[in-house]
Amino acid sequence: MEWKLDDSRPIWIQLQEQLTRMILSGRFRAGERLPSVRELASEAGVNPNTMQRALAGLDAEGLTVTNRTAGRTVTEDDSVLEGMRAKLARELIRQFYEEVEQLGYARDQALELLKRSGS
């Protein structure tokens, strides 16, 4: 796994976002066991406490389920996964509109640009 971390925001938040994308993209599939906190921390080059905080955030969002004997697994609840996927898509769309509006485009013009760029 390739981790991209910078000093612009708290590391645990960046880890949580990247893990979320890994889950939603299928890198970690529904029901799949995640590597241990120590394994993930080692891969990312961060303190295990930092990784644990990121994973606790995934638990809180319902993306992962922790079981004492089986470890942490990705939820099998498709509605949770699809809900988070839609939430992230809406955020990307909001960011897109903000960026193009800063360039002087109205929303309808931005939408037209988006439509034309897809062809």
# chains A, B, ... in the order shown; residues from 1 in each chain; ligands from 1
$ closest_atom_pairs --of "range 2-66 of chain A" --to "range 73-89 of chain A" --cutoff "10 Å" --atoms "only C-alpha atoms" --output "tab-separated table"
residue	atom	partner	partner_atom	distance
A:Glu17	CA	A:Leu88	CA	9.9
A:Thr20	CA	A:Met84	CA	8.6
A:Arg21	CA	A:Arg85	CA	8.6
A:Ile23	CA	A:Val74	CA	7.3
A:Leu24	CA	A:Arg85	CA	6.4
A:Ser25	CA	A:Arg85	CA	9.0
A:Phe28	CA	A:Val74	CA	7.1
A:Arg29	CA	A:Val74	CA	6.6
A:Ala30	CA	A:Glu76	CA	4.8
A:Gly31	CA	A:Val74	CA	4.9
A:Glu32	CA	A:Thr73	CA	5.3
A:Arg33	CA	A:Thr73	CA	4.2
A:Leu34	CA	A:Thr73	CA	5.5
A:Pro35	CA	A:Thr73	CA	9.0
A:Leu58	CA	A:Val74	CA	9.2
A:Asp59	CA	A:Thr75	CA	9.2
A:Glu61	CA	A:Val80	CA	8.4
A:Gly62	CA	A:Val80	CA	6.8
A:Leu63	CA	A:Thr75	CA	5.3
A:Thr64	CA	A:Val74	CA	4.4
A:Val65	CA	A:Thr73	CA	5.4
A:Thr66	CA	A:Thr73	CA	6.4
$ write_last_selection --atoms "C-alpha atoms" --output "compact mmCIF listing (two decimals), in the first residue's frame"
# COMPACT_ATOMS: atom_id res chain seq x y z
CA GLU A 17 -9.61 9.05 4.72
CA THR A 20 -12.03 4.73 3.77
CA ARG A 21 -11.12 5.05 0.09
CA ILE A 23 -12.58 0.11 1.53
CA LEU A 24 -14.91 1.92 -0.88
CA SER A 25 -12.72 1.13 -3.89
CA PHE A 28 -10.51 -4.17 1.29
CA ARG A 29 -13.74 -6.00 0.50
CA ALA A 30 -16.90 -6.34 2.59
CA GLY A 31 -16.33 -8.89 5.35
CA GLU A 32 -12.56 -8.94 4.82
CA ARG A 33 -10.28 -8.84 7.83
CA LEU A 34 -8.02 -5.78 7.95
CA PRO A 35 -4.34 -6.10 8.81
CA LEU A 58 -13.77 3.83 10.74
CA ASP A 59 -15.53 1.91 13.51
CA GLU A 61 -18.60 5.53 10.85
CA GLY A 62 -19.72 1.90 10.67
CA LEU A 63 -17.25 1.00 7.92
CA THR A 64 -15.48 -1.53 10.11
CA VAL A 65 -16.53 -3.89 12.86
CA THR A 66 -14.22 -4.94 15.66
$ select_by_dssp --residues "chain A" --states "helix (DSSP H, G or I)" --output "PyMOL selection string"
chain A and resi 11-24+37-44+48-61+78-102+107-117
$ closest_residue --among "A:Asn67, A:Trp3, A:Ala60, A:Arg9" --to "Gly45 in chain A" --atoms "only C-alpha atoms"
A:Trp3
$ closest_residue --among "A:Gln95, A:Gln52, A:Gln102, A:Ser36" --to "Ile13 in chain A" --atoms "only C-alpha atoms"
A:Gln52
$ select_by_dssp --residues "chain A" --states "strand (DSSP E)" --output "NGL selection string"
:A and (64-67 or 71-74)
$ closest_residue --among "A:Arg53, A:Ala44, A:Gly118, A:Gln16" --to "Met1 in chain A" --atoms "only C-alpha atoms"
A:Ala44
$ atom_distance --atom1 "CA of Pro10 in chain A" --atom2 "CA of Tyr97 in chain A"
25.4 Å
$ atom_distance --atom1 "CA of Glu2 in chain A" --atom2 "CA of Glu43 in chain A"
8.2 Å
$ closest_residue --among "A:Met22, A:Leu15, A:Leu92, A:Leu111" --to "Thr50 in chain A" --atoms "only C-alpha atoms"
A:Leu15
$ residues_around --residues "Glu101 in chain A" --least-positions-apart "5" --cutoff "8 Å" --atoms "only C-alpha atoms" --output "list in words"
Ala106, Arg107 and Ala110 of chain A
$ closest_residue --among "A:Lys4, A:Leu19, A:Gly71, A:Trp12" --to "Met51 in chain A" --atoms "only C-alpha atoms"
A:Trp12
